[in-house]
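Dumped work.pdb below, it's PDB, C-alpha atoms:
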```pdb
ATOM      1  CA  MET A   1       0.000   0.000   0.000
ATOM      2  CA  GLY A   2       1.216   3.503  -0.837
ATOM      3  CA  ASN A   3       1.369   6.352   1.592
ATOM      4  CA  THR A   4      -1.887   8.249   2.000
ATOM      5  CA  ILE A   5      -1.705  12.033   1.865
ATOM      6  CA  LYS A   6      -4.137  13.876   4.137
ATOM      7  CA  ASN A   7      -5.749  16.771   2.281
ATOM      8  CA  ILE A   8      -6.296  19.682   4.695
ATOM      9  CA  LEU A   9      -8.106  22.969   4.087
ATOM     10  CA  THR A  10      -7.722  26.072   6.251
ATOM     11  CA  ILE A  11      -9.995  29.062   5.737
ATOM     12  CA  GLY A  12      -8.876  32.555   6.721
ATOM     13  CA  ASP A  13      -5.740  34.674   6.628
ATOM     14  CA  GLY A  14      -5.258  36.215  10.058
ATOM     15  CA  ILE A  15      -3.064  35.355  13.005
ATOM     16  CA  ALA A  16      -5.195  32.281  13.863
ATOM     17  CA  ALA A  17      -4.492  30.719  10.459
ATOM     18  CA  TRP A  18      -0.773  31.567  10.566
ATOM     19  CA  CYS A  19      -0.356  29.920  13.969
ATOM     20  CA  LEU A  20      -2.398  26.920  12.870
ATOM     21  CA  HIS A  21      -0.244  26.433   9.779
ATOM     22  CA  GLU A  22       2.862  26.500  11.960
ATOM     23  CA  GLN A  23       1.530  23.555  13.984
ATOM     24  CA  LEU A  24      -0.020  21.582  11.115
ATOM     25  CA  LEU A  25       3.205  21.643   9.122
ATOM     26  CA  LYS A  26       4.943  19.706  11.889
ATOM     27  CA  GLN A  27       2.963  16.648  10.723
ATOM     28  CA  ASP A  28       4.072  14.270   7.985
ATOM     29  CA  GLY A  29       1.958  13.132   5.063
ATOM     30  CA  ILE A  30      -0.231  16.206   4.662
ATOM     31  CA  LYS A  31      -1.123  18.649   1.918
ATOM     32  CA  ILE A  32      -2.491  22.025   3.051
ATOM     33  CA  THR A  33      -4.629  24.358   0.984
ATOM     34  CA  ASN A  34      -5.492  27.768   2.391
ATOM     35  CA  ILE A  35      -8.390  29.817   1.048
ATOM     36  CA  SER A  36      -8.717  33.418   2.137
ATOM     37  CA  GLY A  37     -11.048  35.878   0.501
ATOM     38  CA  ASP A  38      -8.916  38.980   1.020
ATOM     39  CA  ASP A  39     -11.000  40.788  -1.590
ATOM     40  CA  PHE A  40     -14.145  40.160   0.471
ATOM     41  CA  PHE A  41     -13.150  40.052   4.162
ATOM     42  CA  THR A  42     -10.216  41.964   5.639
ATOM     43  CA  PRO A  43      -8.842  40.008   8.614
ATOM     44  CA  CYS A  44      -8.941  42.029  11.823
ATOM     45  CA  THR A  45      -5.270  41.102  12.222
ATOM     46  CA  PHE A  46      -4.483  43.915   9.760
ATOM     47  CA  LYS A  47      -6.917  46.425  11.273
ATOM     48  CA  THR A  48      -5.829  46.672  14.886
ATOM     49  CA  THR A  49      -3.304  48.509  17.026
ATOM     50  CA  SER A  50      -1.638  45.094  17.340
ATOM     51  CA  THR A  51      -0.253  44.989  20.870
ATOM     52  CA  ASN A  52       0.308  42.034  23.166
ATOM     53  CA  CYS A  53       0.585  42.640  26.914
ATOM     54  CA  LEU A  54      -0.499  40.609  29.935
ATOM     55  CA  ARG A  55      -1.616  43.760  31.823
ATOM     56  CA  GLY A  56      -1.633  42.288  35.307
ATOM     57  CA  THR A  57      -3.881  39.303  34.540
ATOM     58  CA  ILE A  58      -3.225  36.336  36.835
ATOM     59  CA  LYS A  59      -4.432  32.753  36.977
ATOM     60  CA  GLY A  60      -6.969  31.429  39.479
ATOM     61  CA  VAL A  61      -9.507  34.239  39.151
ATOM     62  CA  SER A  62     -11.607  33.175  36.140
ATOM     63  CA  PRO A  63     -11.522  30.749  33.179
ATOM     64  CA  LEU A  64     -10.959  33.705  30.860
ATOM     65  CA  GLY A  65      -8.047  34.952  32.945
ATOM     66  CA  ASP A  66      -6.486  31.484  32.964
ATOM     67  CA  LEU A  67      -6.680  31.339  29.164
ATOM     68  CA  ILE A  68      -5.250  34.842  28.799
ATOM     69  CA  VAL A  69      -2.237  33.915  30.933
ATOM     70  CA  ASP A  70      -1.600  30.532  29.296
ATOM     71  CA  SER A  71      -1.986  32.021  25.821
ATOM     72  CA  TYR A  72       0.314  34.941  26.540
ATOM     73  CA  TYR A  73       3.068  32.565  27.619
ATOM     74  CA  ALA A  74       2.457  30.385  24.551
ATOM     75  CA  PHE A  75       3.062  33.481  22.422
ATOM     76  CA  GLU A  76       6.099  34.483  24.453
ATOM     77  CA  ASP A  77       7.623  30.996  24.190
ATOM     78  CA  PHE A  78       7.213  31.139  20.413
ATOM     79  CA  TYR A  79       8.762  34.600  20.275
ATOM     80  CA  ASN A  80      11.758  33.575  22.388
ATOM     81  CA  GLN A  81      12.320  30.476  20.269
ATOM     82  CA  HIS A  82      11.980  32.038  16.804
ATOM     83  CA  LEU A  83      12.355  35.839  17.161
ATOM     84  CA  PRO A  84       9.858  36.417  14.337
ATOM     85  CA  GLU A  85      10.139  39.488  12.158
ATOM     86  CA  GLY A  86       7.378  42.000  12.761
ATOM     87  CA  VAL A  87       7.392  41.703  16.559
ATOM     88  CA  VAL A  88       9.086  44.320  18.757
ATOM     89  CA  LYS A  89       9.677  43.568  22.435
ATOM     90  CA  THR A  90       9.172  46.749  24.435
ATOM     91  CA  VAL A  91       7.218  48.252  27.352
ATOM     92  CA  GLU A  92       3.673  49.364  28.054
ATOM     93  CA  TYR A  93       3.168  52.109  30.628
ATOM     94  CA  GLN A  94      -0.237  51.907  32.333
ATOM     95  CA  CYS A  95      -1.340  55.161  33.985
ATOM     96  CA  TRP A  96      -4.553  55.993  35.833
ATOM     97  CA  ASN A  97      -6.221  58.617  38.011
ATOM     98  CA  GLU A  98      -9.030  56.600  39.613
ATOM     99  CA  GLY A  99      -7.177  54.054  41.637
ATOM    100  CA  GLU A 100      -9.455  51.335  43.003
ATOM    101  CA  LYS A 101      -9.894  49.310  39.804
ATOM    102  CA  TRP A 102      -6.247  49.503  38.805
ATOM    103  CA  GLN A 103      -4.859  49.083  42.331
ATOM    104  CA  ARG A 104      -6.681  45.748  42.581
ATOM    105  CA  ARG A 105      -4.999  44.648  39.390
ATOM    106  CA  TYR A 106      -1.587  46.051  40.308
ATOM    107  CA  PRO A 107      -0.922  45.748  44.074
ATOM    108  CA  GLU A 108       2.510  47.276  43.454
ATOM    109  CA  TYR A 109       2.628  50.485  41.439
ATOM    110  CA  LEU A 110       4.672  53.642  40.991
ATOM    111  CA  LYS A 111       4.002  57.364  41.294
ATOM    112  CA  THR A 112       3.935  58.935  37.854
ATOM    113  CA  ASN A 113       5.668  62.132  38.990
ATOM    114  CA  GLU A 114       8.587  60.038  40.275
ATOM    115  CA  HIS A 115       8.988  58.031  37.058
ATOM    116  CA  ALA A 116      11.951  59.318  35.054
ATOM    117  CA  PHE A 117      10.194  59.021  31.672
ATOM    118  CA  LEU A 118       6.496  59.477  32.473
ATOM    119  CA  LYS A 119       6.883  62.574  34.622
ATOM    120  CA  THR A 120       7.777  64.532  31.482
ATOM    121  CA  LEU A 121       5.025  62.993  29.360
ATOM    122  CA  VAL A 122       1.882  62.345  31.421
ATOM    123  CA  LYS A 123      -0.258  64.667  33.526
ATOM    124  CA  GLU A 124      -3.265  64.131  35.802
ATOM    125  CA  MET A 125      -2.579  60.392  36.007
ATOM    126  CA  PRO A 126      -0.823  60.037  39.386
ATOM    127  CA  GLU A 127      -0.218  56.255  39.409
ATOM    128  CA  CYS A 128       1.477  53.942  36.950
ATOM    129  CA  VAL A 129       3.084  50.563  36.282
ATOM    130  CA  GLU A 130       5.448  49.205  33.657
ATOM    131  CA  ASN A 131       4.523  46.021  31.792
ATOM    132  CA  LEU A 132       6.484  43.962  29.312
ATOM    133  CA  ALA A 133       4.755  44.331  25.956
ATOM    134  CA  TYR A 134       5.097  43.389  22.312
ATOM    135  CA  LEU A 135       4.155  45.535  19.330
ATOM    136  CA  ILE A 136       3.224  43.567  16.231
ATOM    137  CA  GLU A 137       3.569  44.741  12.636
ATOM    138  CA  PRO A 138       1.055  42.371  10.991
ATOM    139  CA  ALA A 139       2.177  42.722   7.361
ATOM    140  CA  LYS A 140       5.809  42.007   8.238
ATOM    141  CA  LEU A 141       4.806  39.106  10.498
ATOM    142  CA  LYS A 142       2.684  37.615   7.712
ATOM    143  CA  THR A 143       5.625  37.810   5.321
ATOM    144  CA  TRP A 144       7.790  36.027   7.874
ATOM    145  CA  TYR A 145       5.220  33.238   8.256
ATOM    146  CA  ARG A 146       4.742  32.910   4.489
ATOM    147  CA  LYS A 147       8.462  32.276   4.058
ATOM    148  CA  ARG A 148       8.142  29.415   6.563
ATOM    149  CA  HIS A 149       4.944  28.054   4.998
ATOM    150  CA  GLN A 150       5.850  27.847   1.325
ATOM    151  CA  ALA A 151       4.577  24.264   1.134
ATOM    152  CA  ILE A 152       1.004  25.540   1.481
ATOM    153  CA  ASP A 153      -1.146  26.168  -1.591
ATOM    154  CA  PHE A 154      -2.573  29.645  -0.977
ATOM    155  CA  LYS A 155      -5.711  30.607  -2.896
ATOM    156  CA  ASN A 156      -7.476  33.980  -2.879
ATOM    157  CA  ALA A 157     -11.092  32.960  -3.297
ATOM    158  CA  LEU A 158     -14.491  33.165  -1.648
ATOM    159  CA  VAL A 159     -15.750  30.060   0.173
ATOM    160  CA  LYS A 160     -19.477  29.861  -0.411
ATOM    161  CA  GLU A 161     -20.360  26.649   1.415
ATOM    162  CA  VAL A 162     -18.772  23.973   3.589
ATOM    163  CA  ARG A 163     -20.677  20.698   3.859
ATOM    164  CA  ALA A 164     -20.582  18.085   6.615
ATOM    165  CA  SER A 165     -19.189  15.676   4.006
ATOM    166  CA  LYS A 166     -16.172  18.056   3.921
ATOM    167  CA  GLU A 167     -17.010  19.150   0.404
ATOM    168  CA  VAL A 168     -16.242  22.826  -0.094
ATOM    169  CA  LEU A 169     -17.784  25.101  -2.683
ATOM    170  CA  TYR A 170     -15.572  27.963  -3.803
ATOM    171  CA  ASN A 171     -15.079  29.750  -7.120
ATOM    172  CA  ASP A 172     -18.019  27.719  -8.472
ATOM    173  CA  GLN A 173     -16.154  24.459  -7.987
ATOM    174  CA  VAL A 174     -16.475  21.730  -5.369
ATOM    175  CA  GLU A 175     -13.473  20.069  -3.724
ATOM    176  CA  LEU A 176     -13.359  17.316  -1.112
ATOM    177  CA  PHE A 177     -10.980  17.534   1.863
ATOM    178  CA  ASP A 178     -10.039  15.201   4.722
ATOM    179  CA  GLU A 179      -9.924  17.974   7.358
ATOM    180  CA  ILE A 180     -11.211  21.546   7.411
ATOM    181  CA  TYR A 181     -10.292  24.365   9.794
ATOM    182  CA  PHE A 182     -12.277  27.576  10.098
ATOM    183  CA  CYS A 183     -10.106  30.547  11.126
ATOM    184  CA  THR A 184     -12.771  33.009  10.107
ATOM    185  CA  SER A 185     -13.421  35.318  13.072
ATOM    186  CA  TYR A 186     -16.893  36.927  12.915
ATOM    187  CA  ALA A 187     -17.476  35.384   9.463
ATOM    188  CA  SER A 188     -17.725  32.020  11.277
ATOM    189  CA  ALA A 189     -21.402  32.843  11.861
ATOM    190  CA  LEU A 190     -21.865  32.721   8.069
ATOM    191  CA  LEU A 191     -19.769  29.644   7.256
ATOM    192  CA  ALA A 192     -19.459  27.404  10.308
ATOM    193  CA  LYS A 193     -23.041  27.101  11.555
ATOM    194  CA  GLY A 194     -25.144  23.971  11.274
ATOM    195  CA  PHE A 195     -22.517  21.400  12.203
ATOM    196  CA  ASN A 196     -22.873  21.328  15.972
ATOM    197  CA  GLU A 197     -25.668  22.573  18.238
ATOM    198  CA  LYS A 198     -23.271  23.595  21.011
ATOM    199  CA  TYR A 199     -21.086  25.567  18.646
ATOM    200  CA  ASP A 200     -24.158  27.110  17.002
ATOM    201  CA  TYR A 201     -25.217  28.330  20.440
ATOM    202  CA  ILE A 202     -21.773  29.850  21.004
ATOM    203  CA  LEU A 203     -21.908  31.621  17.640
ATOM    204  CA  ASP A 204     -25.435  32.864  18.307
ATOM    205  CA  HIS A 205     -24.218  34.387  21.569
ATOM    206  CA  SER A 206     -21.011  35.824  20.119
ATOM    207  CA  LYS A 207     -20.878  39.194  18.411
ATOM    208  CA  PRO A 208     -18.801  41.286  16.058
ATOM    209  CA  VAL A 209     -17.210  44.321  17.688
ATOM    210  CA  ALA A 210     -15.948  47.177  15.547
ATOM    211  CA  GLY A 211     -12.848  48.943  16.840
ATOM    212  CA  SER A 212     -11.610  52.224  15.334
ATOM    213  CA  TYR A 213      -8.237  53.872  15.881
ATOM    214  CA  LEU A 214      -6.127  56.753  14.575
ATOM    215  CA  GLN A 215      -2.777  56.391  12.830
ATOM    216  CA  MET A 216      -0.259  58.746  11.255
ATOM    217  CA  SER A 217       3.277  58.836   9.887
ATOM    218  CA  LEU A 218       5.789  60.570  12.135
ATOM    219  CA  ASP A 219       7.589  62.267   9.234
ATOM    220  CA  GLY A 220       7.947  65.926  10.118
ATOM    221  CA  VAL A 221       6.562  65.549  13.638
ATOM    222  CA  ASN A 222       8.554  67.615  16.114
ATOM    223  CA  PHE A 223       8.706  65.120  18.958
ATOM    224  CA  THR A 224      10.721  61.917  19.143
ATOM    225  CA  PHE A 225      11.328  59.275  21.784
ATOM    226  CA  ASP A 226      14.239  56.882  21.952
ATOM    227  CA  HIS A 227      12.210  53.655  22.058
ATOM    228  CA  ASP A 228       8.982  52.003  20.967
ATOM    229  CA  PHE A 229       6.302  51.985  23.648
ATOM    230  CA  SER A 230       2.607  51.721  24.354
ATOM    231  CA  LEU A 231       1.150  54.223  26.795
ATOM    232  CA  ALA A 232      -2.210  53.218  28.278
ATOM    233  CA  LEU A 233      -3.989  56.246  29.716
ATOM    234  CA  ASP A 234      -6.701  54.478  31.652
ATOM    235  CA  LYS A 235      -8.315  52.421  28.828
ATOM    236  CA  TYR A 236      -7.043  54.400  25.813
ATOM    237  CA  HIS A 237      -3.697  53.972  24.094
ATOM    238  CA  PHE A 238      -1.002  56.237  22.709
ATOM    239  CA  ILE A 239       1.333  53.904  20.815
ATOM    240  CA  TYR A 240       4.679  55.190  19.582
ATOM    241  CA  ARG A 241       6.197  52.862  17.003
ATOM    242  CA  LYS A 242       9.687  54.228  16.461
ATOM    243  CA  SER A 243      10.638  51.131  14.477
ATOM    244  CA  GLU A 244       7.798  51.805  12.003
ATOM    245  CA  ASN A 245       7.806  55.616  12.277
ATOM    246  CA  ILE A 246       4.086  55.772  13.088
ATOM    247  CA  LEU A 247       1.851  56.896  15.923
ATOM    248  CA  GLN A 248      -1.450  55.266  16.887
ATOM    249  CA  ILE A 249      -4.239  56.431  19.203
ATOM    250  CA  GLY A 250      -7.271  54.371  20.150
ATOM    251  CA  SER A 251      -9.416  52.567  20.175
ATOM    252  CA  SER A 252     -13.207  52.628  20.172
ATOM    253  CA  THR A 253     -15.402  49.619  20.963
ATOM    254  CA  ASP A 254     -18.728  49.310  19.132
ATOM    255  CA  ASN A 255     -20.557  46.148  20.164
ATOM    256  CA  LYS A 256     -22.685  44.209  17.686
ATOM    257  CA  SER A 257     -21.246  46.153  14.779
ATOM    258  CA  SER A 258     -19.589  44.787  11.667
ATOM    259  CA  VAL A 259     -19.469  48.139   9.896
ATOM    260  CA  GLN A 260     -15.939  48.918   8.748
ATOM    261  CA  LEU A 261     -16.432  52.667   9.031
ATOM    262  CA  ALA A 262     -14.660  54.679  11.692
ATOM    263  CA  ASN A 263     -16.649  55.907  14.685
ATOM    264  CA  GLU A 264     -15.667  59.522  14.161
ATOM    265  CA  LYS A 265     -17.416  60.884  17.253
ATOM    266  CA  LYS A 266     -15.733  58.348  19.536
ATOM    267  CA  LEU A 267     -12.342  58.891  17.916
ATOM    268  CA  GLN A 268     -12.644  62.621  18.579
ATOM    269  CA  GLU A 269     -13.412  61.866  22.238
ATOM    270  CA  ILE A 270     -10.435  59.510  22.526
ATOM    271  CA  TYR A 271      -8.116  61.991  20.825
ATOM    272  CA  GLN A 272      -9.253  64.740  23.201
ATOM    273  CA  PHE A 273      -8.843  62.495  26.256
ATOM    274  CA  VAL A 274      -5.300  61.539  25.257
ATOM    275  CA  ALA A 275      -4.406  65.141  24.417
ATOM    276  CA  GLU A 276      -5.633  66.352  27.817
ATOM    277  CA  HIS A 277      -3.419  63.867  29.666
ATOM    278  CA  LEU A 278      -0.171  64.438  27.777
ATOM    279  CA  GLN A 279       2.372  67.161  28.406
ATOM    280  CA  ILE A 280       3.295  67.229  24.718
ATOM    281  CA  GLU A 281       1.167  68.696  21.957
ATOM    282  CA  LEU A 282      -0.390  66.103  19.699
ATOM    283  CA  PRO A 283      -0.433  66.536  15.924
ATOM    284  CA  ALA A 284      -3.793  67.853  14.721
ATOM    285  CA  LEU A 285      -6.615  65.315  14.552
ATOM    286  CA  ASP A 286      -6.866  65.799  10.783
ATOM    287  CA  SER A 287      -3.271  64.549  10.472
ATOM    288  CA  PHE A 288      -4.407  61.024  11.340
ATOM    289  CA  THR A 289      -5.978  58.412   9.110
ATOM    290  CA  ARG A 290      -8.892  56.361  10.444
ATOM    291  CA  HIS A 291      -8.852  52.564  10.608
ATOM    292  CA  THR A 292     -11.506  50.074  11.689
ATOM    293  CA  GLY A 293     -11.261  46.339  12.335
ATOM    294  CA  ILE A 294     -14.001  43.852  13.230
ATOM    295  CA  ARG A 295     -13.112  41.703  16.225
ATOM    296  CA  HIS A 296     -15.067  38.608  17.247
ATOM    297  CA  LYS A 297     -16.187  38.605  20.870
ATOM    298  CA  GLY A 298     -17.047  35.087  22.011
ATOM    299  CA  TYR A 299     -19.783  33.853  24.341
ATOM    300  CA  LYS A 300     -18.959  35.112  27.843
ATOM    301  CA  ARG A 301     -15.887  36.693  26.207
ATOM    302  CA  LEU A 302     -14.345  33.222  25.933
ATOM    303  CA  PRO A 303     -12.537  32.094  22.776
ATOM    304  CA  PHE A 304     -13.400  28.789  21.135
ATOM    305  CA  TRP A 305     -11.229  26.174  19.502
ATOM    306  CA  GLY A 306     -12.218  22.575  18.891
ATOM    307  CA  GLU A 307     -13.852  20.013  16.615
ATOM    308  CA  ILE A 308     -17.381  20.959  15.513
ATOM    309  CA  SER A 309     -18.019  17.959  13.255
ATOM    310  CA  ASP A 310     -16.095  14.885  12.147
ATOM    311  CA  GLY A 311     -12.854  16.291  10.760
ATOM    312  CA  ILE A 312     -14.088  19.899  10.863
ATOM    313  CA  TYR A 313     -12.565  22.342  13.353
ATOM    314  CA  ALA A 314     -12.964  25.995  14.279
ATOM    315  CA  ILE A 315     -11.052  28.784  16.008
ATOM    316  CA  SER A 316     -13.139  31.848  16.824
ATOM    317  CA  GLY A 317     -13.949  34.488  19.432
ATOM    318  CA  LEU A 318     -10.330  35.580  19.916
ATOM    319  CA  TYR A 319     -11.420  39.217  20.395
ATOM    320  CA  LYS A 320      -8.759  41.525  21.898
ATOM    321  CA  ASN A 321      -6.312  38.715  22.722
ATOM    322  CA  ALA A 322      -5.944  37.281  19.228
ATOM    323  CA  PHE A 323      -2.177  37.777  19.179
ATOM    324  CA  SER A 324      -1.877  35.437  22.154
ATOM    325  CA  PHE A 325      -4.993  33.181  22.016
ATOM    326  CA  ALA A 326      -4.061  32.101  18.484
ATOM    327  CA  TYR A 327      -0.824  30.480  19.653
ATOM    328  CA  LEU A 328      -2.425  28.353  22.360
ATOM    329  CA  ALA A 329      -5.409  27.518  20.140
ATOM    330  CA  ALA A 330      -3.196  26.136  17.378
ATOM    331  CA  GLN A 331      -1.074  24.121  19.775
ATOM    332  CA  GLU A 332      -4.009  22.561  21.623
ATOM    333  CA  LEU A 333      -6.106  21.943  18.517
ATOM    334  CA  VAL A 334      -3.410  20.064  16.639
ATOM    335  CA  LYS A 335      -2.143  18.225  19.712
ATOM    336  CA  ALA A 336      -5.641  16.974  20.597
ATOM    337  CA  LYS A 337      -6.234  15.250  17.256
TER     338      LYS A 337
END
```
Now, as a test, write the supplied structure out as structure tokens.
Amino acid sequence: MGNTIKNILTIGDGIAAWCLHEQLLKQDGIKITNISGDDFFTPCTFKTTSTNCLRGTIKGVSPLGDLIVDSYYAFEDFYNQHLPEGVVKTVEYQCWNEGEKWQRRYPEYLKTNEHAFLKTLVKEMPECVENLAYLIEPAKLKTWYRKRHQAIDFKNALVKEVRASKEVLYNDQVELFDEIYFCTSYASALLAKGFNEKYDYILDHSKPVAGSYLQMSLDGVNFTFDHDFSLALDKYHFIYRKSENILQIGSSTDNKSSVQLANEKKLQEIYQFVAEHLQIELPALDSFTRHTGIRHKGYKRLPFWGEISDGIYAISGLYKNAFSFAYLAAQELVKAK
């Protein structure tokens, strides 16, 4: 008997798919096809401020917190092992002026006016902490993964239907696969329903969340810092990407929205909030471009990864922790098979 090749299909082209490919390619005797309709759905991976920071989350408080911690360390282990291009290891400064919420999260914190860097940058936020953080440049990270995953057959097409028989309709043709993986974020509600009542319930109680942020090139801007950093002023971010020469401010959160149009009113409020708490003068609001990504918020904010039918799997609901959840999801999903 000859060797049997397992024909695998992955759907989607965001961080969940990239991490999944990394794990699947460790197996022998497989052929992977990836279909991603970039012309139809823009992965949220490319429409986000793209930071990864644990932000004081600890295990033993909630199932979500446990997953956040385990996933963050799965990402960090991968980073330390491979040093992928498109990831910058840096710091996030968390500052606040209403202490109870943040003091519970950070039992040990600093005074902003005693911090060598923040005392010249932040005002009216008397308390702060420093967190290890990573800034991701999604396009560069994708290029790095693609160089590692050249054995995959990448197709830019629109998947119209996936059947329980593992027949897939795309580009007006039908192809049969041995395994199928949905990495389709909020589009999972369109493609991955009808296979499993439990997963259908999760999808019905998940929601798309639009997030808008501001971004601009730093060419000609009259302030510079000597390192990349993320500055969290309460819940809003001022992200200085020296390595990319850009500045980001954001972001808004619009529940149950899949509209890829910026929430201009909320962005104005965020811009004003950040401006009021900085000692430097921000570039004019009109200097920034607007960007919106659609995140997928899972049932009870929990992500999902698992088998939803015989040989059919899904990863969804990664929401704001996609750049860490995706690493643990891929590891556990492939290991469990």
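Of the residues listed (A:Phe223, A:Tyr313, A:Tyr213, A:Phe304), A:Tyr213 shows the shortest atom-to-atom separation from Ile270 (chain A); distances use only C-alpha atoms.
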query = Which value, in Å to one decimal, gives the distance between CA of Thr4 (chain A) and CA of Leu328 (chain A)?
reply =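 A separation of 28.6 Å between them.
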ask   = Interatomic distance between CA of Tyr319 (chain A) and CA of Ile294 (chain A)?
value =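 Computed distance, CA of Tyr319 (chain A) to CA of Ile294 (chain A), equals 8.9 Å.
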Can you pull out the residues contacting Leu110 (chain A)? Cut-off 6 Å, using all atoms listed in the file, and skip same-chain residues under 3 positions away; I want them as an mmCIF file with C-alpha atoms, keeping the file's coordinate frame.
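result.cif, freshly written:
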```cif
data_model
loop_
_atom_site.group_PDB
_atom_site.id
_atom_site.type_symbol
_atom_site.label_atom_id
_atom_site.label_comp_id
_atom_site.auth_asym_id
_atom_site.auth_seq_id
_atom_site.Cartn_x
_atom_site.Cartn_y
_atom_site.Cartn_z
ATOM 1 C CA GLU A 127 -0.218 56.255 39.409
ATOM 2 C CA CYS A 128 1.477 53.942 36.950
ATOM 3 C CA VAL A 129 3.084 50.563 36.282
#
```
ask   = Just how far from CA of Leu135 (chain A) is CA of Ala314 (chain A), in Å to one decimal?
value =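 Between CA of Ala314 (chain A) and CA of Leu135 (chain A) the gap is 26.5 Å.
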ask   = What residues come out when you apply the PyMOL selection byres ((chain A and resi 151) around 9) to this file, written as a ChimeraX atom specification?
value = /A:25,31-32,148-150,152-153
Around (-1.6, 25.7, 15.7) in the file's own coordinates, what residues are found within 12 Å if you use all atoms listed in the file, given back as a PDB file with C-alpha atoms, in the frame of the given file?
```pdb
ATOM      1  CA  THR A  10      -7.722  26.072   6.251  1.00  0.00           C
ATOM      2  CA  ILE A  15      -3.064  35.355  13.005  1.00  0.00           C
ATOM      3  CA  ALA A  16      -5.195  32.281  13.863  1.00  0.00           C
ATOM      4  CA  ALA A  17      -4.492  30.719  10.459  1.00  0.00           C
ATOM      5  CA  TRP A  18      -0.773  31.567  10.566  1.00  0.00           C
ATOM      6  CA  CYS A  19      -0.356  29.920  13.969  1.00  0.00           C
ATOM      7  CA  LEU A  20      -2.398  26.920  12.870  1.00  0.00           C
ATOM      8  CA  HIS A  21      -0.244  26.433   9.779  1.00  0.00           C
ATOM      9  CA  GLU A  22       2.862  26.500  11.960  1.00  0.00           C
ATOM     10  CA  GLN A  23       1.530  23.555  13.984  1.00  0.00           C
ATOM     11  CA  LEU A  24      -0.020  21.582  11.115  1.00  0.00           C
ATOM     12  CA  LEU A  25       3.205  21.643   9.122  1.00  0.00           C
ATOM     13  CA  LYS A  26       4.943  19.706  11.889  1.00  0.00           C
ATOM     14  CA  GLN A  27       2.963  16.648  10.723  1.00  0.00           C
ATOM     15  CA  SER A  71      -1.986  32.021  25.821  1.00  0.00           C
ATOM     16  CA  ALA A  74       2.457  30.385  24.551  1.00  0.00           C
ATOM     17  CA  PHE A  75       3.062  33.481  22.422  1.00  0.00           C
ATOM     18  CA  PHE A  78       7.213  31.139  20.413  1.00  0.00           C
ATOM     19  CA  TYR A 181     -10.292  24.365   9.794  1.00  0.00           C
ATOM     20  CA  CYS A 183     -10.106  30.547  11.126  1.00  0.00           C
ATOM     21  CA  TRP A 305     -11.229  26.174  19.502  1.00  0.00           C
ATOM     22  CA  GLY A 306     -12.218  22.575  18.891  1.00  0.00           C
ATOM     23  CA  TYR A 313     -12.565  22.342  13.353  1.00  0.00           C
ATOM     24  CA  ALA A 314     -12.964  25.995  14.279  1.00  0.00           C
ATOM     25  CA  ILE A 315     -11.052  28.784  16.008  1.00  0.00           C
ATOM     26  CA  SER A 324      -1.877  35.437  22.154  1.00  0.00           C
ATOM     27  CA  PHE A 325      -4.993  33.181  22.016  1.00  0.00           C
ATOM     28  CA  ALA A 326      -4.061  32.101  18.484  1.00  0.00           C
ATOM     29  CA  TYR A 327      -0.824  30.480  19.653  1.00  0.00           C
ATOM     30  CA  LEU A 328      -2.425  28.353  22.360  1.00  0.00           C
ATOM     31  CA  ALA A 329      -5.409  27.518  20.140  1.00  0.00           C
ATOM     32  CA  ALA A 330      -3.196  26.136  17.378  1.00  0.00           C
ATOM     33  CA  GLN A 331      -1.074  24.121  19.775  1.00  0.00           C
ATOM     34  CA  GLU A 332      -4.009  22.561  21.623  1.00  0.00           C
ATOM     35  CA  LEU A 333      -6.106  21.943  18.517  1.00  0.00           C
ATOM     36  CA  VAL A 334      -3.410  20.064  16.639  1.00  0.00           C
ATOM     37  CA  LYS A 335      -2.143  18.225  19.712  1.00  0.00           C
ATOM     38  CA  ALA A 336      -5.641  16.974  20.597  1.00  0.00           C
ATOM     39  CA  LYS A 337      -6.234  15.250  17.256  1.00  0.00           C
TER      40      LYS A 337
END
```
